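**Student:** Sharing protein25.txt here; it has compact mmCIF, C-alpha atoms and all ligand atoms.
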# COMPACT_ATOMS: atom_id res chain seq x y z
CA MET A 1 0.00 0.00 0.00
CA ILE A 2 0.93 3.63 -0.66
CA PRO A 3 4.13 3.26 -2.73
CA SER A 4 4.20 7.06 -3.11
CA ARG A 5 4.88 7.35 0.63
CA LEU A 6 8.03 5.29 0.12
CA SER A 7 8.95 7.11 -3.05
CA PRO A 8 7.32 10.58 -3.16
CA THR A 9 8.84 11.36 -6.57
CA LEU A 10 6.10 9.10 -8.02
CA LEU A 11 3.61 11.89 -7.29
CA GLY A 12 5.17 14.03 -9.99
CA LYS A 13 5.34 11.29 -12.62
CA SER A 14 3.08 10.77 -15.58
CA LEU A 15 0.94 7.95 -14.12
CA HIS A 16 -0.10 10.02 -11.10
CA LEU A 17 -0.48 13.30 -13.00
CA LYS A 18 -2.51 11.84 -15.86
CA SER A 19 -4.74 9.62 -13.73
CA HIS A 20 -5.45 12.64 -11.47
CA ALA A 21 -6.40 14.80 -14.47
CA TYR A 22 -8.77 12.12 -15.83
CA ALA A 23 -10.28 11.49 -12.39
CA ARG A 24 -11.10 15.21 -12.18
CA GLN A 25 -12.70 15.13 -15.62
CA LEU A 26 -14.82 12.16 -14.57
CA LEU A 27 -15.98 13.17 -11.10
CA GLY A 28 -15.09 16.82 -10.45
CA ASP A 29 -12.31 19.34 -9.93
CA ASP A 30 -12.20 18.76 -6.17
CA LEU A 31 -10.79 15.21 -6.58
CA GLU A 32 -7.40 14.52 -4.99
CA LEU A 33 -5.22 11.44 -4.60
CA ASP A 34 -6.42 9.45 -1.58
CA PHE A 35 -4.01 6.50 -1.90
CA ASP A 36 -2.07 4.42 -4.38
CA MET A 37 -1.17 0.73 -4.36
CA LEU A 38 0.66 -1.99 -6.24
CA ILE A 39 -0.60 -5.52 -6.78
CA ASP A 40 1.64 -8.26 -8.14
CA LYS A 41 0.07 -11.59 -9.11
CA ALA A 42 3.16 -13.72 -9.52
CA PRO A 43 3.30 -16.63 -12.03
CA PHE A 44 1.29 -19.73 -11.10
CA THR A 45 0.06 -18.27 -7.80
CA ASN A 46 -3.58 -18.95 -8.70
CA THR A 47 -4.98 -16.52 -6.15
CA PRO A 48 -8.18 -14.80 -7.28
CA THR A 49 -9.10 -11.36 -5.97
CA PRO A 50 -12.63 -12.08 -4.70
CA TRP A 51 -15.68 -10.13 -5.87
CA HIS A 52 -15.98 -6.90 -3.94
CA GLN A 53 -16.76 -3.21 -4.00
CA ASP A 54 -13.93 -0.97 -2.79
CA CYS A 55 -16.35 1.13 -0.74
CA ALA A 56 -16.94 -1.89 1.55
CA TYR A 57 -13.36 -1.43 2.85
CA TRP A 58 -13.85 2.30 3.44
CA ILE A 59 -15.81 4.13 6.11
CA ALA A 60 -19.18 5.48 4.91
CA MET A 61 -18.86 9.03 3.65
CA PRO A 62 -21.46 11.73 2.93
CA ASP A 63 -20.00 12.25 -0.57
CA THR A 64 -19.42 8.86 -2.22
CA ARG A 65 -17.59 10.06 -5.31
CA ALA A 66 -14.46 7.91 -5.67
CA VAL A 67 -12.62 6.53 -8.67
CA SER A 68 -9.66 4.20 -9.13
CA CYS A 69 -7.33 4.10 -12.10
CA TRP A 70 -6.07 0.53 -12.63
CA VAL A 71 -2.94 0.62 -14.80
CA ALA A 72 -1.63 -2.63 -16.27
CA LEU A 73 2.15 -2.95 -15.94
CA ASP A 74 2.04 -6.33 -17.74
CA GLU A 75 -0.38 -7.61 -20.33
CA ALA A 76 -3.54 -8.54 -18.42
CA ILE A 77 -5.56 -11.44 -19.79
CA LYS A 78 -8.18 -13.69 -18.20
CA GLU A 79 -5.63 -16.40 -17.44
CA ASN A 80 -3.24 -14.17 -15.48
CA GLY A 81 -5.93 -12.18 -13.69
CA CYS A 82 -7.29 -9.31 -15.78
CA MET A 83 -10.05 -7.29 -14.16
CA TRP A 84 -13.74 -8.22 -14.46
CA TYR A 85 -16.45 -5.63 -13.79
CA ILE A 86 -20.22 -5.67 -13.40
CA PRO A 87 -21.53 -2.77 -15.50
CA LYS A 88 -23.64 -0.16 -13.70
CA SER A 89 -23.22 -1.96 -10.35
CA HIS A 90 -22.16 1.37 -8.78
CA LEU A 91 -25.76 2.56 -9.22
CA LEU A 92 -27.18 -0.21 -7.02
CA PRO A 93 -27.04 -0.69 -3.21
CA ILE A 94 -23.77 -2.06 -1.82
CA ARG A 95 -23.88 -5.85 -1.55
CA PRO A 96 -23.19 -7.47 1.84
CA HIS A 97 -19.46 -8.24 2.32
CA VAL A 98 -17.67 -10.71 4.57
CA PRO A 99 -13.97 -11.55 5.08
CA SER A 100 -12.81 -13.96 2.39
CA ALA A 101 -12.74 -17.61 3.51
CA LYS A 102 -9.19 -17.83 2.09
CA GLY A 103 -7.94 -15.22 4.60
CA GLY A 104 -5.37 -12.56 3.74
CA GLY A 105 -7.68 -9.74 4.83
CA ALA A 106 -9.64 -9.56 1.57
CA LEU A 107 -13.37 -8.88 1.61
CA MET A 108 -15.83 -10.66 -0.65
CA CYS A 109 -19.45 -10.56 -1.71
CA GLU A 110 -21.74 -12.69 -3.88
CA ALA A 111 -21.33 -12.09 -7.64
CA SER A 112 -20.35 -14.07 -10.72
CA GLU A 113 -18.61 -13.84 -14.06
CA ASP A 114 -22.01 -14.34 -15.74
CA GLU A 115 -22.95 -10.78 -14.72
CA ALA A 116 -19.60 -9.31 -15.69
CA VAL A 117 -17.29 -8.25 -18.49
CA ALA A 118 -13.58 -9.12 -18.59
CA LEU A 119 -11.23 -6.32 -19.64
CA GLU A 120 -8.06 -7.71 -21.19
CA ILE A 121 -5.62 -4.83 -21.61
CA LYS A 122 -2.05 -4.15 -22.74
CA PRO A 123 0.74 -2.86 -20.48
CA GLY A 124 0.39 0.91 -20.06
CA SER A 125 -3.36 0.82 -20.66
CA CYS A 126 -5.73 1.59 -17.83
CA ILE A 127 -9.30 1.24 -16.59
CA PHE A 128 -11.19 3.68 -14.37
CA HIS A 129 -13.68 2.16 -11.94
CA HIS A 130 -16.03 3.81 -9.47
CA GLY A 131 -15.61 3.04 -5.76
CA ALA A 132 -18.88 1.10 -5.78
CA THR A 133 -18.30 -0.89 -8.99
CA LEU A 134 -18.26 -4.64 -8.37
CA HIS A 135 -15.02 -6.19 -9.56
CA TYR A 136 -12.81 -9.25 -9.29
CA SER A 137 -9.91 -11.00 -10.98
CA ARG A 138 -9.03 -14.65 -11.47
CA GLY A 139 -5.79 -16.04 -10.10
CA ASN A 140 -2.67 -16.06 -12.25
CA SER A 141 -2.35 -19.54 -13.77
CA THR A 142 0.31 -18.52 -16.31
CA GLU A 143 4.08 -18.08 -16.38
CA MET A 144 3.60 -14.32 -16.91
CA ARG A 145 3.50 -11.76 -14.10
CA ARG A 146 0.39 -9.62 -13.67
CA ARG A 147 1.34 -6.36 -12.01
CA ALA A 148 -0.93 -3.34 -11.64
CA PHE A 149 -0.41 0.20 -10.31
CA ILE A 150 -3.58 1.68 -8.87
CA THR A 151 -4.30 5.30 -7.98
CA ASN A 152 -7.50 6.25 -6.14
CA PHE A 153 -9.12 9.67 -5.97
CA ARG A 154 -11.94 11.24 -3.96
CA PRO A 155 -13.02 14.76 -2.96
CA GLU A 156 -10.44 16.57 -0.87
CA ALA A 157 -13.09 17.23 1.83
CA MET A 158 -13.80 13.48 2.09
CA ILE A 159 -10.08 12.66 2.40
CA ARG A 160 -9.98 15.09 5.35
CA PHE A 161 -13.16 13.45 6.74
CA GLU A 162 -11.52 9.99 6.61
CA ARG A 163 -8.25 11.14 8.16
CA GLU A 164 -10.08 12.94 11.00
CA LYS A 165 -11.69 9.60 11.78
CA GLY A 166 -8.27 7.90 11.75
CA TYR A 167 -8.76 6.04 8.47
CA ASP A 168 -5.95 6.15 5.88
CA HIS A 169 -6.16 2.83 3.92
CA THR A 170 -3.18 1.25 5.67
CA GLY A 171 -4.93 -0.35 8.65
CA ASP A 172 -6.88 -3.59 9.13
CA ARG A 173 -8.72 -4.80 6.04
CA LYS A 174 -12.26 -5.37 7.25
CA VAL A 175 -15.81 -4.25 6.47
CA ASN A 176 -15.62 -0.60 7.51
CA ASN A 177 -18.76 0.54 5.70
CA ASP A 178 -21.92 -0.28 7.66
CA ASP A 179 -23.88 -0.35 4.39
CA ALA A 180 -21.83 -3.42 3.34
CA LEU A 181 -22.63 -5.45 6.45
CA SER A 182 -25.07 -8.30 5.95
O1 LIG B 1 -5.68 -6.16 -9.22
C1 LIG B 1 -6.57 -6.86 -8.74
O2 LIG B 1 -6.68 -8.05 -8.97
C2 LIG B 1 -7.59 -6.25 -7.81
C3 LIG B 1 -7.57 -4.76 -7.84
C4 LIG B 1 -8.65 -4.14 -7.03
O3 LIG B 1 -9.41 -4.78 -6.35
C5 LIG B 1 -8.78 -2.69 -7.08
O4 LIG B 1 -8.04 -2.00 -7.81
O5 LIG B 1 -9.67 -2.16 -6.39
Just dump the structure as structure tokens.
Ligand SMILES: O=C(O)CCC(=O)C(=O)O
**Tutor:**
Amino acid sequence: MIPSRLSPTLLGKSLHLKSHAYARQLLGDDLELDFDMLIDKAPFTNTPTPWHQDCAYWIAMPDTRAVSCWVALDEAIKENGCMWYIPKSHLLPIRPHVPSAKGGGALMCEASEDEAVALEIKPGSCIFHHGATLHYSRGNSTEMRRRAFITNFRPEAMIRFEREKGYDHTGDRKVNNDDALS
């Protein structure tokens, strides 16, 4: 979590600057970087990211605008864990989430590939998803890596709101949003 804390020069690089500019175009000029993260699905690790909505991890906020930019660092295909999304799911109520049975702190909810679209993308390409969009990825069953760099943006006032409540995306991974409790 938060590679830009380890290496603040990232904040001035193209990935952060461009994803910030697009996030503002999508959801408003008050959007700021809330956090960034790196995910590496190593070859043959076969660990799916369970179905979830990011907002289940976060505390409930009065302004729910939030968008992530998921940048592929390697080619992302179904077999190595490209992202799957359920279209328009951000317009529906949050589904109930529970800790994943496989452990590791991940949250999960009920959903399936039948409802979803897989987005296979090339390295350097990206996808923007809303904080309430249902998503998931299969495990990596190939000899390729599947690395992604993710930046997440929300209104500056809501970042302050979170921090005042002691939440900064680096703590325990649990259902923090009451609306996502079953
Ligand atoms: O990269 C993945 O497999 C999961 C990413 C994810 O859940 C996210 O960006 O919110």
**Student:** Around ligand LIG 1 (chain B), which protein and nucleic acid residues have at least one atom no more than 9 Å from it, if we count all atoms listed in the file? List them as an MDAnalysis selection string.
**Tutor:** chainID A and resid 37:41 48:54 68:70 72 81:84 129 131 135:139 146:152
**Student:** Which is closer to Asp29 (chain A) than all the others in A:Leu119, A:Asn177, A:Tyr167, A:Glu156, using all atoms listed in the file?
**Tutor:**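 The answer is A:Glu156, which sits nearest to Asp29 (chain A).
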**Student:** Given the choices A:Lys78, A:Lys102, A:His97, A:Arg154, which gets closest to Thr142 (chain A) if the distance is worked out from all atoms listed in the file?
**Tutor:**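 Counting all atoms listed in the file, the residue closest to Thr142 (chain A) is A:Lys78.
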**Student:** Neighbours of Val117 (chain A) within 8 Å (all atoms listed in the file; same-chain residues fewer than 6 positions away dropped), as a list in words?
**Tutor:**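 Surrounding residues, per the criterion: Trp84, Tyr85, Ile86 and Pro87 of chain A.
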**Student:** Any idea what the distance is between CA of Glu120 (chain A) and CA of Ser19 (chain A)?
**Tutor:** 19.2 Å
**Student:** Can you work out the spacing between CA of Ala42 (chain A) and CA of Asn176 (chain A) in Å, to one decimal?
**Tutor:**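 Pair CA of Ala42 (chain A) / CA of Asn176 (chain A) returns 28.5 Å.
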**Student:** What's the 8 Å shell around Arg95 (chain A), counting all atoms listed in the file, without same-chain residues fewer than 4 positions away, as a list in words?
**Tutor:**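 After dropping sequence-adjacent residues, the list is Gln53, Cys109, Glu110, Ala180 and Ser182 of chain A.
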**Student:** Name the closest residue to Leu33 (chain A) among the candidates A:Asp172, A:Ile159, A:Ala118, A:Leu181; distances are taken between atoms, counting all atoms listed in the file.
**Tutor:**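 Ranked by minimum distance to Leu33 (chain A), first place goes to A:Ile159.
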**Student:** I'd like the neighbourhood of Lys174 (chain A) as a ChimeraX atom specification, where a residue qualifies if any of its atoms comes within 10 Å (using only C-alpha atoms), though same-chain residues fewer than 5 positions away should be ignored.
**Tutor:** /A:56-58,97-100,105-107
**Student:** In Å to one decimal, how far is CA of Val71 (chain A) from CA of Ser112 (chain A)?
**Tutor:**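 A separation of 23.1 Å between them.
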**Student:** Of the candidates A:Pro43, A:Pro62, A:Pro96, A:Pro8, which one gets nearest to Val175 (chain A) if we count all atoms listed in the file?
**Tutor:**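 Closest to Val175 (chain A), using all atoms listed in the file: A:Pro96.
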